[in-house]
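Trainee: Once you've had a glance at the structure underneath, I'll fire off some questions.
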Amino acid sequence: MFVKDQSDLVADWDRLFRVFIRPEGQVSRATLIKYMDRILYGLNDFLKTNVGITEAVSLKELSKNFTDTLIHDNPEKKLADVITCLIDNIAPHAVNVSSPYFVGHMTSAIPFFMVHLKTIVAALNQNLVKLETSKVVSIVEKQVIAKIHRMIYKHSDAFYQEHVQNTDTTLGVFVEGGTTANLTALWAARNAKFHPKAGFAGIESDGLAAAYRAYDIDRCVILVSRLGHYSLRKSAGVLGIGNQNVIPIKTAPDNRVDINVLKQTITRLKQESPRTCILAIVGIAGATETGTVDPLETLAEIAQAENAHFHVDAAWGGPTLFSKKYRYLLNGISLADSVTIDGHKQFYMPMSCGMLYLKDPTALDVIAYHSNYVNRMGSVDLGIKTLSGSREANSLILDCALKIMGAKGYALLIDHGIETAAAFAREIRRRDLFELMTPPVLNILTYRICPPDIRKKLASADDAERRKINERLNTVNRRLQQIQREAGHSFVSRTTLLQNNCSEDGIVVLRSVIMNPMTTIGILNEVLDEQEEIFCSQLKDLVE
Ligand SMILES: Cc1ncc(COP(=O)(O)O)c(C=O)c1O
């Protein structure tokens, strides 16, 4: 973009004031309105050109344009020019996650009104860390938290009347994302387990070594299916528990945690050392790679018997509770001590919004912090019991979205995802060239290219031969995913799953996440057609 009049580009008080009050001039204002119009009402053509992270212009090429490391003394561009640059130079190279052909990640199209709501939230610029910078928004936040809590825990009217605006209790908190929600859950579990007692002021105050001494233990463990999200390991690292102590439990053939193996692991841990503490058992409601849901009721029973915190990571699957048809898949979630749900996943909110819900409204008392300048003792600031300090009013967006969509609107999205994934699985099974690796329970499935003659060979191969064949198939599927991604018509992601829980048998699979209501089985057929075409024209020789 050319700047016509460089003399205008000066930082001074006059111009500074104008920036705070309104756009810099009529031209900027007109450009802002023109582009906001395009962004707010025409998101689709704004990002239309490609799907996924294509090689149309390589990352290497792009990075050459971004090597200027000096902050200029005077402004470089006017608002109008900056906006045009964003639209013309940045947007075309961003990833079109809203395309119905983008079916590889948990990030997808959002309803168009979300952009408006996000704009309003930015304009209001409330800070939920304290009441003095949010007032009514803190109250709205408590109400919307109670609504989602009610969907999970289904307590009585009286319970919600008591807690919805109770400034002493906390039904849930908004955080940055699923990672922070999981971390908060385990933080609260850790502090509750190592609470203060005679001669010990609690783990938060005295630290891990003192806590282990005070409670006569030398190790804390967290048990979760091996499909658990890696944020659990991160959390254990941050909390000083040690990420090695997040123990991955093998899965059953249906990709849910194997309950027998879990029980055996608990028995073994106890036999190995009476000084091992089972801090938490985590159930997954919508595993990142396979979308599977653990047997939550059984896990709750085991956690109770072991006096362990029961956390459900429903970052992905939580909103399934909206669906009358499919909410049974999450049976047992109401038994969880804490539940993670991501707003930016199946609540279709803009990035980023995580939430943690608590069965016990006093459960977060153990992580409360105060200071003289914010979150003072006796204040009702929401920041008292959150890991974050300052944070935006995501709760307003969720509150409005629930009103605009209704439970039924969200249920339609959930049903569409689950049923389209099931139809996709049928189509994959119907096509000879493909092998369905993990059938969908919710709306995620994995599959791979595996020609019928190779499948036959695999069935009768010994271990060594099977590994060799799988290595070749891995190369083919890895290449296939890259070629398709770079072509830019459609996008599926890829991961590596362990066959028979065996770490030597990593199988590269293509992973599809069906969450865009515009994604139809027709589109998914096109994705498979393209994969067949790529395989036949470019990769066939690699499997021979
Ligand atoms: C099951 C599960 N838990 C936690 C997370 C972490 O969420 P976030 O990326 O919002 O931190 C994810 C992300 O994909 C997830 O799938």
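Each chain in the structure tokens gets a letter, A, B, ..., in the order shown, and its residues are numbered from 1; ligands are numbered from 1 in order too.
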Collect all residues with atoms no farther than 10 Å from ligand 1, counting only C-alpha atoms and all ligand atoms, and output them as a tab-separated table (two decimals) with all heavy atoms, in the first residue's frame.
Mentor:
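Result saved to pocket-v9.tsv:
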```tsv
chain	number	residue	atom	x	y	z
A	105	HIS	N	-9.42	-30.25	12.00
A	105	HIS	CA	-9.11	-29.82	13.37
A	105	HIS	C	-10.36	-29.39	14.11
A	105	HIS	O	-11.43	-29.24	13.52
A	105	HIS	CB	-8.08	-28.67	13.34
A	105	HIS	CG	-6.69	-29.14	13.07
A	105	HIS	ND1	-6.06	-30.10	13.83
A	105	HIS	CD2	-5.80	-28.77	12.11
A	105	HIS	CE1	-4.85	-30.32	13.35
A	105	HIS	NE2	-4.66	-29.53	12.30
A	106	MET	N	-10.15	-29.13	15.41
A	106	MET	CA	-11.28	-28.74	16.26
A	106	MET	C	-11.55	-27.23	16.16
A	106	MET	O	-12.12	-26.63	17.07
A	106	MET	CB	-10.97	-29.12	17.71
A	106	MET	CG	-10.89	-30.62	17.92
A	106	MET	SD	-10.18	-30.98	19.52
A	106	MET	CE	-10.85	-32.60	19.84
A	107	THR	N	-11.09	-26.63	15.11
A	107	THR	CA	-11.31	-25.20	14.86
A	107	THR	C	-12.04	-25.10	13.53
A	107	THR	O	-11.60	-25.69	12.55
A	107	THR	CB	-9.96	-24.46	14.77
A	107	THR	OG1	-9.23	-24.75	15.96
A	107	THR	CG2	-10.15	-22.97	14.64
A	175	VAL	N	-11.69	-19.51	31.80
A	175	VAL	CA	-10.22	-19.46	31.68
A	175	VAL	C	-9.86	-19.37	30.19
A	175	VAL	O	-10.75	-19.26	29.35
A	175	VAL	CB	-9.57	-20.70	32.34
A	175	VAL	CG1	-9.77	-20.70	33.84
A	175	VAL	CG2	-10.11	-21.99	31.74
A	176	GLU	N	-8.57	-19.43	29.90
A	176	GLU	CA	-8.15	-19.22	28.50
A	176	GLU	C	-8.57	-20.36	27.57
A	176	GLU	O	-8.88	-20.14	26.41
A	176	GLU	CB	-6.63	-19.08	28.41
A	176	GLU	CG	-6.08	-17.76	28.87
A	176	GLU	CD	-5.94	-17.67	30.37
A	176	GLU	OE1	-6.26	-18.66	31.07
A	176	GLU	OE2	-5.55	-16.61	30.86
A	177	GLY	N	-8.50	-21.58	28.06
A	177	GLY	CA	-8.80	-22.70	27.18
A	177	GLY	C	-8.82	-23.99	27.97
A	177	GLY	O	-8.75	-23.98	29.21
A	178	GLY	N	-8.89	-25.11	27.25
A	178	GLY	CA	-8.96	-26.41	27.90
A	178	GLY	C	-7.72	-26.71	28.73
A	178	GLY	O	-7.80	-27.34	29.79
A	179	THR	N	-6.57	-26.25	28.25
A	179	THR	CA	-5.33	-26.49	28.97
A	179	THR	C	-5.40	-25.86	30.36
A	179	THR	O	-5.11	-26.52	31.38
A	179	THR	CB	-4.14	-25.90	28.18
A	179	THR	OG1	-4.09	-26.55	26.91
A	179	THR	CG2	-2.83	-26.07	28.90
A	180	THR	N	-5.79	-24.60	30.41
A	180	THR	CA	-5.85	-23.90	31.70
A	180	THR	C	-6.95	-24.46	32.58
A	180	THR	O	-6.84	-24.47	33.81
A	180	THR	CB	-6.08	-22.39	31.48
A	180	THR	OG1	-5.49	-22.01	30.26
A	180	THR	CG2	-5.51	-21.58	32.61
A	181	ALA	N	-8.03	-24.92	31.96
A	181	ALA	CA	-9.12	-25.51	32.74
A	181	ALA	C	-8.63	-26.80	33.40
A	181	ALA	O	-8.86	-27.03	34.60
A	181	ALA	CB	-10.33	-25.78	31.85
A	182	ASN	N	-7.94	-27.64	32.63
A	182	ASN	CA	-7.40	-28.88	33.20
A	182	ASN	C	-6.39	-28.57	34.32
A	182	ASN	O	-6.39	-29.22	35.37
A	182	ASN	CB	-6.72	-29.73	32.12
A	182	ASN	CG	-7.74	-30.45	31.24
A	182	ASN	OD1	-8.90	-30.59	31.62
A	182	ASN	ND2	-7.33	-30.88	30.06
A	183	LEU	N	-5.57	-27.57	34.08
A	183	LEU	CA	-4.57	-27.19	35.08
A	183	LEU	C	-5.27	-26.70	36.36
A	183	LEU	O	-4.89	-27.10	37.48
A	183	LEU	CB	-3.67	-26.07	34.52
A	183	LEU	CG	-2.70	-25.39	35.49
A	183	LEU	CD1	-1.75	-26.39	36.12
A	183	LEU	CD2	-1.89	-24.31	34.78
A	227	LEU	N	-5.08	-41.87	25.70
A	227	LEU	CA	-5.55	-40.87	24.74
A	227	LEU	C	-5.80	-39.51	25.40
A	227	LEU	O	-6.30	-38.59	24.78
A	227	LEU	CB	-6.84	-41.36	24.05
A	227	LEU	CG	-6.66	-42.55	23.10
A	227	LEU	CD1	-8.01	-43.05	22.61
A	227	LEU	CD2	-5.78	-42.18	21.91
A	228	GLY	N	-5.43	-39.39	26.68
A	228	GLY	CA	-5.61	-38.12	27.39
A	228	GLY	C	-4.84	-36.99	26.72
A	228	GLY	O	-3.77	-37.20	26.15
A	229	HIS	N	-5.38	-35.79	26.82
A	229	HIS	CA	-4.74	-34.63	26.18
A	229	HIS	C	-3.42	-34.29	26.88
A	229	HIS	O	-3.30	-34.39	28.10
A	229	HIS	CB	-5.69	-33.43	26.25
A	229	HIS	CG	-5.24	-32.29	25.37
A	229	HIS	ND1	-4.54	-31.22	25.86
A	229	HIS	CD2	-5.38	-32.07	24.04
A	229	HIS	CE1	-4.28	-30.38	24.87
A	229	HIS	NE2	-4.77	-30.87	23.75
A	230	TYR	N	-2.44	-33.85	26.11
A	230	TYR	CA	-1.11	-33.61	26.68
A	230	TYR	C	-1.11	-32.47	27.69
A	230	TYR	O	-0.16	-32.31	28.46
A	230	TYR	CB	-0.07	-33.39	25.58
A	230	TYR	CG	-0.14	-32.05	24.89
A	230	TYR	CD1	0.77	-31.04	25.20
A	230	TYR	CD2	-1.11	-31.78	23.94
A	230	TYR	CE1	0.72	-29.81	24.58
A	230	TYR	CE2	-1.18	-30.55	23.31
A	230	TYR	CZ	-0.27	-29.56	23.63
A	230	TYR	OH	-0.33	-28.34	23.02
A	231	SER	N	-2.18	-31.67	27.73
A	231	SER	CA	-2.24	-30.59	28.72
A	231	SER	C	-2.24	-31.15	30.15
A	231	SER	O	-1.86	-30.45	31.09
A	231	SER	CB	-3.49	-29.73	28.51
A	231	SER	OG	-4.65	-30.52	28.54
A	232	LEU	N	-2.65	-32.40	30.30
A	232	LEU	CA	-2.63	-33.00	31.64
A	232	LEU	C	-1.19	-33.21	32.10
A	232	LEU	O	-0.86	-33.00	33.27
A	232	LEU	CB	-3.39	-34.34	31.63
A	232	LEU	CG	-4.88	-34.21	31.31
A	232	LEU	CD1	-5.49	-35.57	30.98
A	232	LEU	CD2	-5.63	-33.56	32.47
A	283	GLY	N	-11.35	-38.80	33.30
A	283	GLY	CA	-12.11	-39.43	32.22
A	283	GLY	C	-12.18	-38.45	31.05
A	283	GLY	O	-12.24	-37.24	31.27
A	284	ILE	N	-12.16	-38.99	29.84
A	284	ILE	CA	-12.22	-38.10	28.68
A	284	ILE	C	-13.60	-38.20	28.04
A	284	ILE	O	-14.10	-39.31	27.78
A	284	ILE	CB	-11.18	-38.47	27.61
A	284	ILE	CG1	-9.83	-38.81	28.26
A	284	ILE	CG2	-11.01	-37.35	26.60
A	284	ILE	CD1	-8.85	-39.44	27.29
A	285	ALA	N	-14.20	-37.06	27.79
A	285	ALA	CA	-15.48	-37.04	27.06
A	285	ALA	C	-15.21	-36.36	25.72
A	285	ALA	O	-15.44	-35.17	25.55
A	285	ALA	CB	-16.54	-36.29	27.86
A	286	GLY	N	-14.72	-37.16	24.79
A	286	GLY	CA	-14.33	-36.64	23.48
A	286	GLY	C	-12.82	-36.56	23.39
A	286	GLY	O	-12.24	-35.47	23.50
A	287	ALA	N	-12.17	-37.71	23.16
A	287	ALA	CA	-10.71	-37.72	23.08
A	287	ALA	C	-10.27	-36.96	21.83
A	287	ALA	O	-10.90	-37.06	20.77
A	287	ALA	CB	-10.19	-39.16	23.04
A	288	THR	N	-9.18	-36.23	21.98
A	288	THR	CA	-8.72	-35.34	20.90
A	288	THR	C	-8.52	-36.10	19.58
A	288	THR	O	-8.92	-35.64	18.53
A	288	THR	CB	-7.39	-34.68	21.32
A	288	THR	OG1	-7.52	-34.26	22.67
A	288	THR	CG2	-7.05	-33.51	20.43
A	289	GLU	N	-7.92	-37.27	19.66
A	289	GLU	CA	-7.59	-37.97	18.42
A	289	GLU	C	-8.74	-38.81	17.87
A	289	GLU	O	-8.90	-38.94	16.67
A	289	GLU	CB	-6.38	-38.88	18.65
A	289	GLU	CG	-5.10	-38.10	18.86
A	289	GLU	CD	-3.99	-38.98	19.39
A	289	GLU	OE1	-4.05	-39.35	20.58
A	289	GLU	OE2	-3.06	-39.29	18.62
A	290	THR	N	-9.54	-39.39	18.76
A	290	THR	CA	-10.54	-40.35	18.30
A	290	THR	C	-11.98	-39.95	18.63
A	290	THR	O	-12.92	-40.59	18.15
A	290	THR	CB	-10.29	-41.72	18.96
A	290	THR	OG1	-10.37	-41.54	20.38
A	290	THR	CG2	-8.92	-42.28	18.60
A	291	GLY	N	-12.14	-38.94	19.46
A	291	GLY	CA	-13.49	-38.49	19.83
A	291	GLY	C	-14.20	-39.43	20.80
A	291	GLY	O	-15.38	-39.23	21.11
A	292	THR	N	-13.50	-40.43	21.30
A	292	THR	CA	-14.17	-41.43	22.15
A	292	THR	C	-14.44	-40.90	23.56
A	292	THR	O	-13.80	-39.95	24.01
A	292	THR	CB	-13.33	-42.72	22.24
A	292	THR	OG1	-11.96	-42.36	22.21
A	292	THR	CG2	-13.63	-43.62	21.08
A	293	VAL	N	-15.41	-41.54	24.21
A	293	VAL	CA	-15.81	-41.12	25.55
A	293	VAL	C	-15.55	-42.28	26.51
A	293	VAL	O	-16.03	-43.40	26.29
A	293	VAL	CB	-17.32	-40.75	25.58
A	293	VAL	CG1	-17.73	-40.28	26.97
A	293	VAL	CG2	-17.63	-39.68	24.53
A	312	VAL	N	-13.39	-34.75	34.64
A	312	VAL	CA	-13.76	-35.14	33.28
A	312	VAL	C	-13.29	-34.05	32.32
A	312	VAL	O	-13.65	-32.87	32.46
A	312	VAL	CB	-15.28	-35.37	33.14
A	312	VAL	CG1	-15.66	-35.56	31.67
A	312	VAL	CG2	-15.70	-36.61	33.93
A	313	ASP	N	-12.46	-34.46	31.36
A	313	ASP	CA	-12.01	-33.53	30.33
A	313	ASP	C	-13.02	-33.61	29.18
A	313	ASP	O	-12.92	-34.45	28.30
A	313	ASP	CB	-10.60	-33.89	29.86
A	313	ASP	CG	-10.08	-32.89	28.84
A	313	ASP	OD1	-10.87	-32.01	28.41
A	313	ASP	OD2	-8.89	-32.98	28.46
A	314	ALA	N	-14.00	-32.70	29.24
A	314	ALA	CA	-15.03	-32.64	28.19
A	314	ALA	C	-14.81	-31.39	27.35
A	314	ALA	O	-15.75	-30.79	26.85
A	314	ALA	CB	-16.42	-32.63	28.82
A	315	ALA	N	-13.51	-31.02	27.19
A	315	ALA	CA	-13.18	-29.83	26.40
A	315	ALA	C	-13.88	-29.92	25.05
A	315	ALA	O	-14.47	-28.96	24.56
A	315	ALA	CB	-11.68	-29.73	26.20
A	316	TRP	N	-13.86	-31.13	24.46
A	316	TRP	CA	-14.48	-31.29	23.16
A	316	TRP	C	-15.95	-31.70	23.29
A	316	TRP	O	-16.84	-31.07	22.72
A	316	TRP	CB	-13.71	-32.36	22.34
A	316	TRP	CG	-14.37	-32.61	21.02
A	316	TRP	CD1	-15.04	-33.73	20.64
A	316	TRP	CD2	-14.45	-31.70	19.93
A	316	TRP	NE1	-15.54	-33.57	19.36
A	316	TRP	CE2	-15.18	-32.33	18.90
A	316	TRP	CE3	-13.97	-30.41	19.70
A	316	TRP	CZ2	-15.46	-31.72	17.68
A	316	TRP	CZ3	-14.24	-29.79	18.48
A	316	TRP	CH2	-14.97	-30.45	17.49
A	317	GLY	N	-16.21	-32.75	24.06
A	317	GLY	CA	-17.53	-33.38	23.98
A	317	GLY	C	-18.61	-32.75	24.85
A	317	GLY	O	-19.79	-33.08	24.70
A	318	GLY	N	-18.24	-31.82	25.75
A	318	GLY	CA	-19.22	-31.28	26.70
A	318	GLY	C	-20.56	-30.87	26.10
A	318	GLY	O	-21.63	-31.28	26.59
A	340	THR	N	-14.01	-29.93	32.49
A	340	THR	CA	-13.47	-28.93	31.54
A	340	THR	C	-14.36	-28.88	30.30
A	340	THR	O	-14.72	-29.94	29.76
A	340	THR	CB	-12.04	-29.35	31.11
A	340	THR	OG1	-11.14	-29.12	32.19
A	340	THR	CG2	-11.57	-28.58	29.89
A	341	ILE	N	-14.71	-27.67	29.87
A	341	ILE	CA	-15.39	-27.52	28.57
A	341	ILE	C	-14.78	-26.31	27.86
A	341	ILE	O	-14.54	-25.27	28.47
A	341	ILE	CB	-16.91	-27.28	28.72
A	341	ILE	CG1	-17.59	-28.43	29.47
A	341	ILE	CG2	-17.57	-27.13	27.34
A	341	ILE	CD1	-19.11	-28.35	29.51
A	342	ASP	N	-14.52	-26.46	26.57
A	342	ASP	CA	-14.00	-25.34	25.78
A	342	ASP	C	-15.13	-24.63	25.05
A	342	ASP	O	-15.93	-25.27	24.35
A	342	ASP	CB	-12.99	-25.85	24.75
A	342	ASP	CG	-11.56	-25.67	25.22
A	342	ASP	OD1	-11.33	-24.91	26.19
A	342	ASP	OD2	-10.66	-26.28	24.62
A	343	GLY	N	-15.17	-23.30	25.21
A	343	GLY	CA	-16.15	-22.50	24.46
A	343	GLY	C	-15.81	-22.41	22.99
A	343	GLY	O	-16.69	-22.37	22.14
A	344	HIS	N	-14.49	-22.40	22.69
A	344	HIS	CA	-14.09	-22.20	21.29
A	344	HIS	C	-14.13	-23.50	20.49
A	344	HIS	O	-13.71	-23.53	19.34
A	344	HIS	CB	-12.71	-21.55	21.19
A	344	HIS	CG	-11.63	-22.30	21.91
A	344	HIS	ND1	-11.07	-21.85	23.08
A	344	HIS	CD2	-11.01	-23.47	21.65
A	344	HIS	CE1	-10.15	-22.72	23.49
A	344	HIS	NE2	-10.10	-23.71	22.64
A	345	LYS	N	-14.62	-24.55	21.11
A	345	LYS	CA	-14.80	-25.79	20.35
A	345	LYS	C	-16.28	-25.89	19.99
A	345	LYS	O	-16.74	-25.16	19.12
A	345	LYS	CB	-14.27	-26.99	21.13
A	345	LYS	CG	-12.72	-26.93	21.29
A	345	LYS	CD	-12.14	-28.20	21.85
A	345	LYS	CE	-10.63	-28.26	21.70
A	345	LYS	NZ	-9.89	-27.52	22.71
A	351	MET	N	-11.97	-17.67	19.28
A	351	MET	CA	-10.81	-17.96	20.14
A	351	MET	C	-10.67	-16.87	21.19
A	351	MET	O	-10.77	-15.70	20.82
A	351	MET	CB	-9.51	-17.99	19.32
A	351	MET	CG	-9.40	-19.16	18.42
A	351	MET	SD	-9.15	-20.64	19.42
A	351	MET	CE	-9.88	-21.84	18.32
A	352	SER	N	-10.26	-17.15	22.39
A	352	SER	CA	-10.31	-18.47	22.95
A	352	SER	C	-11.06	-18.41	24.26
A	352	SER	O	-11.07	-17.38	24.92
A	352	SER	CB	-8.88	-18.99	23.20
A	352	SER	OG	-8.27	-18.31	24.27
A	353	CYS	N	-11.70	-19.53	24.61
A	353	CYS	CA	-12.54	-19.53	25.81
A	353	CYS	C	-12.59	-20.93	26.40
A	353	CYS	O	-13.09	-21.85	25.77
A	353	CYS	CB	-13.94	-19.06	25.43
A	353	CYS	SG	-15.12	-19.28	26.77
A	354	GLY	N	-12.05	-21.08	27.60
A	354	GLY	CA	-12.17	-22.34	28.31
A	354	GLY	C	-13.01	-22.15	29.56
A	354	GLY	O	-13.20	-21.02	30.04
A	355	MET	N	-13.54	-23.25	30.08
A	355	MET	CA	-14.35	-23.16	31.30
A	355	MET	C	-14.08	-24.39	32.15
A	355	MET	O	-13.82	-25.48	31.63
A	355	MET	CB	-15.84	-23.13	30.94
A	355	MET	CG	-16.27	-21.88	30.21
A	355	MET	SD	-17.96	-22.05	29.59
A	355	MET	CE	-17.70	-22.86	28.03
```
Trainee: Find the spatial neighbours of A:Pro248, counting only C-alpha atoms, within a cut-off of 8 Å - ignore same-chain residues fewer than 2 positions away - and output them as a PDB file with N, CA, C and O atoms, in the first residue's frame.
Mentor:
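What landed in result_8.pdb:
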```
ATOM      1  N   LEU A 223      -4.187 -40.678  36.892  1.00  0.00           N
ATOM      2  CA  LEU A 223      -4.428 -41.788  35.967  1.00  0.00           C
ATOM      3  C   LEU A 223      -5.400 -41.361  34.879  1.00  0.00           C
ATOM      4  O   LEU A 223      -6.476 -40.825  35.168  1.00  0.00           O
ATOM      5  N   VAL A 224      -5.017 -41.618  33.641  1.00  0.00           N
ATOM      6  CA  VAL A 224      -5.866 -41.227  32.504  1.00  0.00           C
ATOM      7  C   VAL A 224      -5.568 -42.153  31.332  1.00  0.00           C
ATOM      8  O   VAL A 224      -4.450 -42.664  31.201  1.00  0.00           O
ATOM      9  N   SER A 225      -6.553 -42.360  30.508  1.00  0.00           N
ATOM     10  CA  SER A 225      -6.352 -43.159  29.291  1.00  0.00           C
ATOM     11  C   SER A 225      -5.155 -42.619  28.516  1.00  0.00           C
ATOM     12  O   SER A 225      -4.870 -41.420  28.557  1.00  0.00           O
ATOM     13  N   ARG A 226      -4.485 -43.480  27.779  1.00  0.00           N
ATOM     14  CA  ARG A 226      -3.333 -42.993  27.014  1.00  0.00           C
ATOM     15  C   ARG A 226      -3.760 -42.011  25.914  1.00  0.00           C
ATOM     16  O   ARG A 226      -2.925 -41.380  25.272  1.00  0.00           O
ATOM     17  N   LEU A 227      -5.075 -41.871  25.698  1.00  0.00           N
ATOM     18  CA  LEU A 227      -5.548 -40.874  24.736  1.00  0.00           C
ATOM     19  C   LEU A 227      -5.796 -39.514  25.398  1.00  0.00           C
ATOM     20  O   LEU A 227      -6.299 -38.586  24.780  1.00  0.00           O
ATOM     21  N   GLY A 228      -5.430 -39.392  26.679  1.00  0.00           N
ATOM     22  CA  GLY A 228      -5.613 -38.122  27.385  1.00  0.00           C
ATOM     23  C   GLY A 228      -4.840 -36.986  26.724  1.00  0.00           C
ATOM     24  O   GLY A 228      -3.768 -37.203  26.150  1.00  0.00           O
ATOM     25  N   VAL A 246       1.819 -38.697  35.378  1.00  0.00           N
ATOM     26  CA  VAL A 246       0.532 -38.860  34.696  1.00  0.00           C
ATOM     27  C   VAL A 246       0.653 -40.210  34.004  1.00  0.00           C
ATOM     28  O   VAL A 246       1.411 -40.368  33.047  1.00  0.00           O
ATOM     29  N   LYS A 250      -3.788 -48.129  29.235  1.00  0.00           N
ATOM     30  CA  LYS A 250      -4.112 -48.699  27.912  1.00  0.00           C
ATOM     31  C   LYS A 250      -5.606 -48.591  27.629  1.00  0.00           C
ATOM     32  O   LYS A 250      -6.416 -48.547  28.564  1.00  0.00           O
TER      33      LYS A 250
END
```
Trainee: Calculated over only C-alpha atoms, which of the candidates A:Ala201, A:Leu299, A:Ile241, A:Val173 has the smallest distance to A:Asn394?
Mentor: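 Checking each of A:Ala201, A:Leu299, A:Ile241, A:Val173 against A:Asn394, counting only C-alpha atoms, the winner is A:Val173.
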Trainee: Mind checking DSSP for stretch 100-334 of chain A and telling me the helix (DSSP H, G or I) residues as a PyMOL selection string?
Mentor: chain A and resi 113-124+131-133+136-153+157-163+178-193+203-206+208-214+231-238+243-245+259-272+296-305+318-322+327-330+333-334
Trainee: Need to verify the contact set: A:Ala11, 7 Å, only C-alpha atoms, exclusion of same-chain residues closer than 2 positions in sequence. Can you return it as JSON, numbers by chain?
Mentor: {"A": [9, 15, 16, 74, 75]}
Trainee: Rank nothing, just name the residue among A:Ala407, A:Val508, A:Val19, A:Ile33 nearest to A:Lys147, using only C-alpha atoms.
Mentor: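 Of A:Ala407, A:Val508, A:Val19, A:Ile33, the one nearest A:Lys147 is A:Ala407, counting only C-alpha atoms.
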Trainee: What's the 10 Å shell around A:Asn501, counting only C-alpha atoms, without same-chain residues fewer than 3 positions away, as a PDB file with C-alpha atoms, in the first residue's frame?
Mentor:
```
ATOM      1  CA  ARG A 226      -3.333 -42.993  27.014  1.00  0.00           C
ATOM      2  CA  ILE A 249      -3.684 -46.383  30.884  1.00  0.00           C
ATOM      3  CA  LYS A 250      -4.112 -48.699  27.912  1.00  0.00           C
ATOM      4  CA  THR A 251      -7.329 -48.529  25.969  1.00  0.00           C
ATOM      5  CA  ALA A 252      -9.803 -51.295  25.165  1.00  0.00           C
ATOM      6  CA  PRO A 253     -10.493 -52.119  21.489  1.00  0.00           C
ATOM      7  CA  ASN A 255     -10.615 -46.819  22.376  1.00  0.00           C
ATOM      8  CA  LEU A 497      -2.213 -44.104  16.861  1.00  0.00           C
ATOM      9  CA  LEU A 498      -0.818 -47.126  18.641  1.00  0.00           C
ATOM     10  CA  GLU A 504       6.321 -50.001  18.413  1.00  0.00           C
ATOM     11  CA  ASP A 505       3.195 -50.140  16.299  1.00  0.00           C
ATOM     12  CA  GLY A 506       2.525 -46.510  15.487  1.00  0.00           C
TER      13      GLY A 506
END
```
Trainee: Which distance in Å separates atom CA of A:Arg233 and atom CA of A:Ala188, to one decimal?
Mentor: 15.8 Å
